[in-house]
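**Student:** Can you read through this structure? Questions will come right after.
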Amino acid sequence: MRIDSLLAVLQQHQVDFQFNGDASSDIVSVAPLDKAMAENLSFLNSHKFISSLMNTQAGLVLLTEQFAEECPQPCIIVKDPYYAYSLLAQVLYRQPLPFIGVAESATVSLTAKMAEDVCVEANSVLQDEVTVGQNTWIAPGCVIYPKVKIGSNCVIGANVVIHHDCQIGNNVYIEAGTVIGGDGFGWAPHQGKWSKIPQVGRVVIGNYVSIGNNCTIDRGAIEDTIIEDHCIIDNLVHIAHNVVIGEGSAIAGQTGFAGTTKLGKHNIVAGQVGFAGHLVTTDHCHFAAKAGVTHDIKESGAYSGFPTQETAKWQKQIVRQRTLDKLARQVKALQKQLNELQ
Amino acid sequence: MRIDSLLAVLQQHQVDFQFNGDASSDIVSVAPLDKAMAENLSFLNSHKFISSLMNTQAGLVLLTEQFAEECPQPCIIVKDPYYAYSLLAQVLYRQPLPFIGVAESATVSLTAKMAEDVCVEANSVLQDEVTVGQNTWIAPGCVIYPKVKIGSNCVIGANVVIHHDCQIGNNVYIEAGTVIGGDGFGWAPHQGKWSKIPQVGRVVIGNYVSIGNNCTIDRGAIEDTIIEDHCIIDNLVHIAHNVVIGEGSAIAGQTGFAGTTKLGKHNIVAGQVGFAGHLVTTDHCHFAAKAGVTHDIKESGAYSGFPTQETAKWQKQIVRQRTLDKLARQVKALQKQLNELQ
Amino acid sequence: MRIDSLLAVLQQHQVDFQFNGDASSDIVSVAPLDKAMAENLSFLNSHKFISSLMNTQAGLVLLTEQFAEECPQPCIIVKDPYYAYSLLAQVLYRQPLPFIGVAESATVSLTAKMAEDVCVEANSVLQDEVTVGQNTWIAPGCVIYPKVKIGSNCVIGANVVIHHDCQIGNNVYIEAGTVIGGDGFGWAPHQGKWSKIPQVGRVVIGNYVSIGNNCTIDRGAIEDTIIEDHCIIDNLVHIAHNVVIGEGSAIAGQTGFAGTTKLGKHNIVAGQVGFAGHLVTTDHCHFAAKAGVTHDIKESGAYSGFPTQETAKWQKQIVRQRTLDKLARQVKALQKQLNELQ
């Protein structure tokens with residue numbers, strides 16, 4: 001793709017830029033600064049790689065103004081090179097549907113309603129009254145239960161399972177092996193046994209949501225489990241029944257939410273975090289890795305540890321814990337001094 | 001379903017109740033108190049929702065005696081409304097098999113033995129000498145290896161894998177994407193490499209067991225991995241080789257058991273808990289979220305933290321840790337006072 | 001299999017041994033010492049089972065010299081009975097391919113290149129330009145995307161997904177439900193939304209690697225995610241983009257690696273450990289269960305806790321934390337004594 005076409009992409013997204021070089025060259029793929037050749041797009045995101053920049057042979061580099069003079073190659077100066085890189089790489093690696101239509105080995109109910117330009121790959125199963133929007137790609141081995149609604153421009157990865165009545169918005173990407181709408185873990189204890197609470201809510205997923213591999217998002221018990229627009233979720237994440245994930249939130253790998261917890265908007269949750277049930281967090285919270293959230297979070301900010309506290313406090317506590325041995329010795333010495341004094 | 005039929009269900013289960021209202025009305029589904037209409041069953045489980053009760057339009061409410069006077073609608077007074085709700089909702093949402101028989105795209109060995117009224121959905125694979133009991137539903141995409149025995153009234157969810165020789169009891173529900181009987185993680189170290197210990201035991205699952213989505217339950221190394229009757233297991237749980245999960249235990253999401261650990265009966269394990277290998281816990285233990293169990297637990301009770309201790313002690317310790325900074329300042333002040341005294 | 005054939009296996013692997021008994025007897029399977037009969041191989045690995053040894057009826061026992069006199073049955077004396085057991089059990093339980101060829105319900109691209117003696121089971125999908133080496137077994141329900149290269153003597157478990165361009169070496173075992181080469185979790189934040197960074201690297205897996213069930217190993221963002229030779233990985237492990245797992249390392253269940261972290265060679269990582277991103281660990285490190293690694297590890301050794309520290313220090317700290325209450329009381333008493341003194 002010619003550089004001037006890439007510049008047009010930035011314009012479409014209202015990205016201000018300045019270009020130094022010959023816009024008629026061709027860029028075909030991306031590469032890191034130190035390995036890039038004339039046909040590669042690269043970017044500088046950090047001071048650390050400045051020497052790679054100075055020696056790069058990349059055909060096109062995205063960077064901020066402060067590094068522009070060090071760049072020996074054609075470059076685009078932008079305020080946020082990483083964001084600009086995402087836009088250009090998306091265009092360079094745009095993936096068309098593998099084909100339009102339904103693979104012969106797929107099993108599609110006569111009552112399923114699909115837009116004309118969908119792709120349903122081998123062995124996928126679409127049961128009664130499933131609907132699929134235009135330009136949506138259903139990879140091989142998926143099982144889509146009755147009355148599921150899937151929007152337009154979605155990618156449903158290989159071997160994904162979506163249970164009955166769940167709703168998936170537009171521009172949603174669900175990666176391989178993920179299960180949407182399994183039963184929530186709701187049981188009534190009775191004389192040492194467990195009586196199942198039928199889980200009759202749905203999972204409702206908004207637009208521009210991305211969900212990683214082998215995740216589990218359970219349906220609601222009575223009301224719905226909800227993932228709002230623009231959320232991104234990593235691999236092996238567990239979201240229990242009736243959880244609400246607020247708009248624009250990001251959740252890293254192996255994190256888990258117990259039932260009915262409501263994550264605020266624009267929360268960022270690192271890996272292996274756990275949320276107890278029935279909690280509410282406000283907007284713009286950040287939870288550090290391995291945090292265990294056991295109470296409502298009412299102020300935006302950074303939280304760490306288990307039970308979770310403000311990150312600054314937690315860090316101080318960690319230092320104190322690590323010097324506990326010293327403190328204990330101090331107390332012992334004090335006792336001795338005091339005894340001598342008496 | 002008429003209310004008098006629902007009352008008959010409670011009688012069948014020996015639930016004592018008192019009904020206020022007209023038993024000829026029809027109830028078709030469940031809804032929360034504040035959204036329920038005349039055709040809905042609802043329940044009151046907590047003080048918190050008393051105002052919803054007072055305004056409810058539900059056609060039928062389950063509650064305890066103490067709230068009965070506040071209920072403007074027909075109600076059933078029981079000792080445990082949540083348990084009664086589970087029984088009635090199970091009846092209202094009873095799910096028949098999607099069909100009786102074997103889907104055309106399924107691959108079933110000629111030596112597999114199936115009861116007459118099973119359902120094997122699209123693309124499922126049943127290999128040699130698999131047996132399946134009556135009224136069992138095998139969802140699409142399952143892979144059932146040779147000699148697996150599956151009992152009656154089971155649901156095997158979509159894309160579940162059950163490895164050779166494993167045994168599944170009656171009334172077992174395994175949700176989508178779960179792998180039963182994968183190899184245990186057994187390796188002999190040898191000169192910087194690893195030599196595999198063939199895992200030749202089985203997984204043996206009792207009756208009335210429920211296992212969530214994308215779990216992994218490994219087969220035993222020589223003897224079996226065992227899940228006893230009436231256990232319930234949430235999503236993304238890992239159970240290693242030769243583990244025994246005692247009868248009636250409940251295990252929440254993302255918890256893991258290392259090899260050969262034996263969980264007692266009626267243990268309740270919260271989410272993201274880890275058990276070291278070769279441990280034994282006694283009956284009626286409760287492990288809080290994120291606990292790390294590193295030693296045998298010989299007394300019933302509540303345990304928390306890592307390494308695990310009694311919950312009461314752990315809570316006290318957490319408070320102390322959070323006031324460590326204050327303690328350190330106290331010690332510093334004491335030292336100063338003492339120095340001035342000398 | 002006759003015992004003399006088993007002895008020949010040890011010789012092939014250069015294992016020194018001494019045999020007491022009749023080498024013409026037949027051994028057909030393994031069993032624990034206390035249950036073994038004449039046709040069983042067993043082994044003694046620990047003092048604890050010495051009484052089982054003294055009463056065993058096993059047809060053949062592997063043990064060290066120190067216990068040989070206590071063994072009433074034919075035995076092989078070796079330095080490392082567990083390693084010797086792994087070699088003999090591998091021979092006793094050698095699993096042939098279920099069949100040679102491609103199942104009728106598999107979907108194999110005309111441009112896929114398979115060695116003559118592979119097995120592709122029911123419903124597996126091999127897309128364009130996939131290559132598969134000799135004696136490799138692809139279980140049912142796998143989805144192998146275009147240009148994936150799989151070596152010889154591999155086992156690809158049921159419902160495994162391998163994304164485009166990934167490379168799998170020889171003698172690799174990937175267990176059921178695992179997803180190789182899903183997209184890394186790379187996103188550029190922009191005005192409260194997330195812009196996807198296309199993940200254009202691969203996953204490259206070496207030789208003699210074993211990966212458990214329902215794991216997720218993401219492809220690199222630009223460069224590759226790499227699993228070096230002789231690594232073993234347990235279930236539900238998450239390995240993010242651009243991670244490198246050094247040769248001979250072992251990783252237990254539910255552990256997770258954030259992006260671009262480089263684990264050294266011969267690291268041993270217990271369960272539920274978390275590694276932050278962009279870290280480097282040196283060779284021969286051991287990380288205890290639930291450790292949270294937040295900084296580079298430059299010296300070989302044992303590490304524990306979160307944030308990780310040397311295990312010996314961590315253990316000391318844990319003891320101090322548990323006696324914090326006592327320490328606080330001591331300080332209070334000191335204050336009182338001092339007040340009285342003043």
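Order determines the names: the first chain of the structure tokens is A, the second B, and so forth; residues in each chain are numbered 1 upward, and ligands are numbered 1 upward as they are shown.
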Would you kindly return, as number ranges by chain, each protein, DNA or RNA residue with an atom no farther than 6 Å from any atom of region 82-87 of chain A, considering only C-alpha atoms and excluding same-chain residues fewer than 2 positions away?
**Tutor:** A: 80, 89-90; C: 188, 196-197
**Student:** Can you write out the residues you just picked, keeping N, CA and C atoms, as a CSV table (one decimal), in the first residue's frame?
**Tutor:**
chain,number,residue,atom,x,y,z
A,80,ASP,N,0.5,10.5,19.1
A,80,ASP,CA,0.4,9.2,19.7
A,80,ASP,C,0.8,8.1,18.7
A,89,ALA,N,-1.7,-0.4,10.9
A,89,ALA,CA,-1.5,-1.9,10.9
A,89,ALA,C,-2.8,-2.6,10.6
A,90,GLN,N,-3.9,-2.0,11.2
A,90,GLN,CA,-5.2,-2.6,10.9
A,90,GLN,C,-5.5,-2.6,9.4
C,188,ALA,N,-4.2,0.0,21.7
C,188,ALA,CA,-3.8,1.4,21.9
C,188,ALA,C,-5.1,2.1,22.5
C,196,LYS,N,-7.3,-1.8,18.2
C,196,LYS,CA,-6.6,-3.0,18.2
C,196,LYS,C,-5.2,-2.9,17.5
C,197,ILE,N,-4.2,-3.5,18.1
C,197,ILE,CA,-2.9,-3.7,17.5
C,197,ILE,C,-2.9,-5.0,16.8
**Student:** Using only C-alpha atoms, which protein or nucleic acid residues come within 9 Å of Ile150 (chain C)? Drop anything in the same chain fewer than 2 positions from it, and give the result as a PDB file with C-alpha atoms, in the first residue's frame.
**Tutor:**
ATOM      1  CA  VAL C 130      -0.942 -26.724   6.594  1.00  0.00           C
ATOM      2  CA  THR C 131       1.894 -29.256   6.859  1.00  0.00           C
ATOM      3  CA  VAL C 132       1.880 -32.280   9.159  1.00  0.00           C
ATOM      4  CA  GLY C 133       4.887 -34.532   9.800  1.00  0.00           C
ATOM      5  CA  THR C 136       1.398 -37.282  13.996  1.00  0.00           C
ATOM      6  CA  VAL C 148       0.544 -23.967  10.312  1.00  0.00           C
ATOM      7  CA  SER C 152       6.565 -35.470  13.385  1.00  0.00           C
ATOM      8  CA  CYS C 154       3.073 -35.042  17.604  1.00  0.00           C
ATOM      9  CA  CYS C 166       2.266 -21.049  13.930  1.00  0.00           C
ATOM     10  CA  GLN C 167       4.994 -23.676  14.059  1.00  0.00           C
ATOM     11  CA  ILE C 168       4.996 -26.816  16.149  1.00  0.00           C
ATOM     12  CA  GLY C 169       8.214 -28.882  16.369  1.00  0.00           C
ATOM     13  CA  ASN C 170       8.601 -32.649  16.608  1.00  0.00           C
ATOM     14  CA  VAL C 172       5.068 -32.146  20.731  1.00  0.00           C
TER      15      VAL C 172
END
**Student:** Please determine, counting only C-alpha atoms, which residue among C:Thr311, C:Asn171, C:Thr261, C:Thr107 has the shortest atom-to-atom distance to chain A.
**Tutor:**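 Residue with the minimum atom-to-atom distance to chain A: C:Thr107.
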**Student:** As a PyMOL selection string, could you give me every residue of chain C near chain B (at most 8 Å apart, counting only C-alpha atoms)?
**Tutor:** chain C and resi 30-32+82-83+85-87+89-90+93+105+122-123+140-141+158-159+175-177+212-214+230-232+234-236+248+252-254+266+271-272+289-290+321-322+324-325+328+331+334-335+338+342
**Student:** If you count only C-alpha atoms, which residues fall within 10 Å of Ile50 (chain B), apart from same-chain ones fewer than 6 positions away, as a PyMOL selection string?
**Tutor:** chain B and resi 33+44+56+67+70-71
**Student:** Do you know which residues are at most 12 Å from Leu88 (chain A) counting only C-alpha atoms, after dropping those on the same chain fewer than 4 positions away, and could you put them as a PyMOL selection string?
**Tutor:** (chain A and resi 1-13+15+27-30+40-43+60-62+76+81-84+92-94) or (chain C and resi 195-198)
**Student:** Looking only at the backbone, which of the residues in region 90-126 of chain C does DSSP tag as strand (DSSP E), as a ChimeraX atom specification?
**Tutor:** /C:101-102,107-108,113-114,119-120,125-126
**Student:** Could you save the residues just selected, with N, CA, C and O atoms, as an mmCIF file, in the first residue's frame?
**Tutor:**
data_model
loop_
_atom_site.group_PDB
_atom_site.id
_atom_site.type_symbol
_atom_site.label_atom_id
_atom_site.label_comp_id
_atom_site.auth_asym_id
_atom_site.auth_seq_id
_atom_site.Cartn_x
_atom_site.Cartn_y
_atom_site.Cartn_z
ATOM 1 N N GLY C 101 -4.609 -42.227 8.251
ATOM 2 C CA GLY C 101 -5.464 -41.634 7.221
ATOM 3 C C GLY C 101 -6.283 -40.479 7.760
ATOM 4 O O GLY C 101 -6.040 -39.989 8.858
ATOM 5 N N VAL C 102 -7.246 -40.086 6.948
ATOM 6 C CA VAL C 102 -8.051 -38.911 7.267
ATOM 7 C C VAL C 102 -9.516 -39.337 7.378
ATOM 8 O O VAL C 102 -10.069 -39.944 6.463
ATOM 9 N N THR C 107 -12.129 -32.009 7.359
ATOM 10 C CA THR C 107 -12.108 -31.065 6.240
ATOM 11 C C THR C 107 -10.656 -30.663 6.011
ATOM 12 O O THR C 107 -10.103 -29.886 6.788
ATOM 13 N N VAL C 108 -10.044 -31.217 4.983
ATOM 14 C CA VAL C 108 -8.623 -30.970 4.751
ATOM 15 C C VAL C 108 -8.453 -30.253 3.418
ATOM 16 O O VAL C 108 -8.907 -30.738 2.382
ATOM 17 N N LYS C 113 -0.296 -30.349 3.273
ATOM 18 C CA LYS C 113 0.685 -31.393 2.926
ATOM 19 C C LYS C 113 0.909 -32.274 4.131
ATOM 20 O O LYS C 113 1.483 -31.844 5.126
ATOM 21 N N MET C 114 0.471 -33.517 4.014
ATOM 22 C CA MET C 114 0.609 -34.415 5.147
ATOM 23 C C MET C 114 1.537 -35.569 4.815
ATOM 24 O O MET C 114 1.484 -36.109 3.699
ATOM 25 N N CYS C 119 -2.634 -39.427 11.261
ATOM 26 C CA CYS C 119 -4.032 -39.732 11.559
ATOM 27 C C CYS C 119 -4.767 -38.415 11.794
ATOM 28 O O CYS C 119 -4.395 -37.651 12.694
ATOM 29 N N VAL C 120 -5.785 -38.172 11.003
ATOM 30 C CA VAL C 120 -6.620 -36.984 11.214
ATOM 31 C C VAL C 120 -8.025 -37.486 11.533
ATOM 32 O O VAL C 120 -8.702 -38.067 10.679
ATOM 33 N N VAL C 125 -10.251 -29.870 11.055
ATOM 34 C CA VAL C 125 -10.189 -28.970 9.915
ATOM 35 C C VAL C 125 -8.728 -28.572 9.709
ATOM 36 O O VAL C 125 -8.111 -28.010 10.617
ATOM 37 N N LEU C 126 -8.166 -28.877 8.553
ATOM 38 C CA LEU C 126 -6.812 -28.450 8.214
ATOM 39 C C LEU C 126 -6.920 -27.518 7.016
ATOM 40 O O LEU C 126 -7.285 -27.952 5.918
#
**Student:** Tell me which of B:His241, B:Lys79, B:Phe19, B:Thr64 sits closest to His47 (chain B), counting only C-alpha atoms.
**Tutor:** B:Thr64
**Student:** Mind checking DSSP for region 268-335 of chain A and telling me the helix (DSSP H, G or I) residues as a list of chain:residue names?
**Tutor:**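 DSSP on the backbone gives helix (DSSP H, G or I) at A:Thr311, A:Ala312, A:Lys313, A:Trp314, A:Gln315, A:Lys316, A:Gln317, A:Ile318, A:Val319, A:Arg320, A:Gln321, A:Arg322, A:Leu324, A:Asp325, A:Lys326, A:Leu327, A:Ala328, A:Arg329, A:Gln330, A:Val331, A:Lys332, A:Ala333, A:Leu334, A:Gln335.
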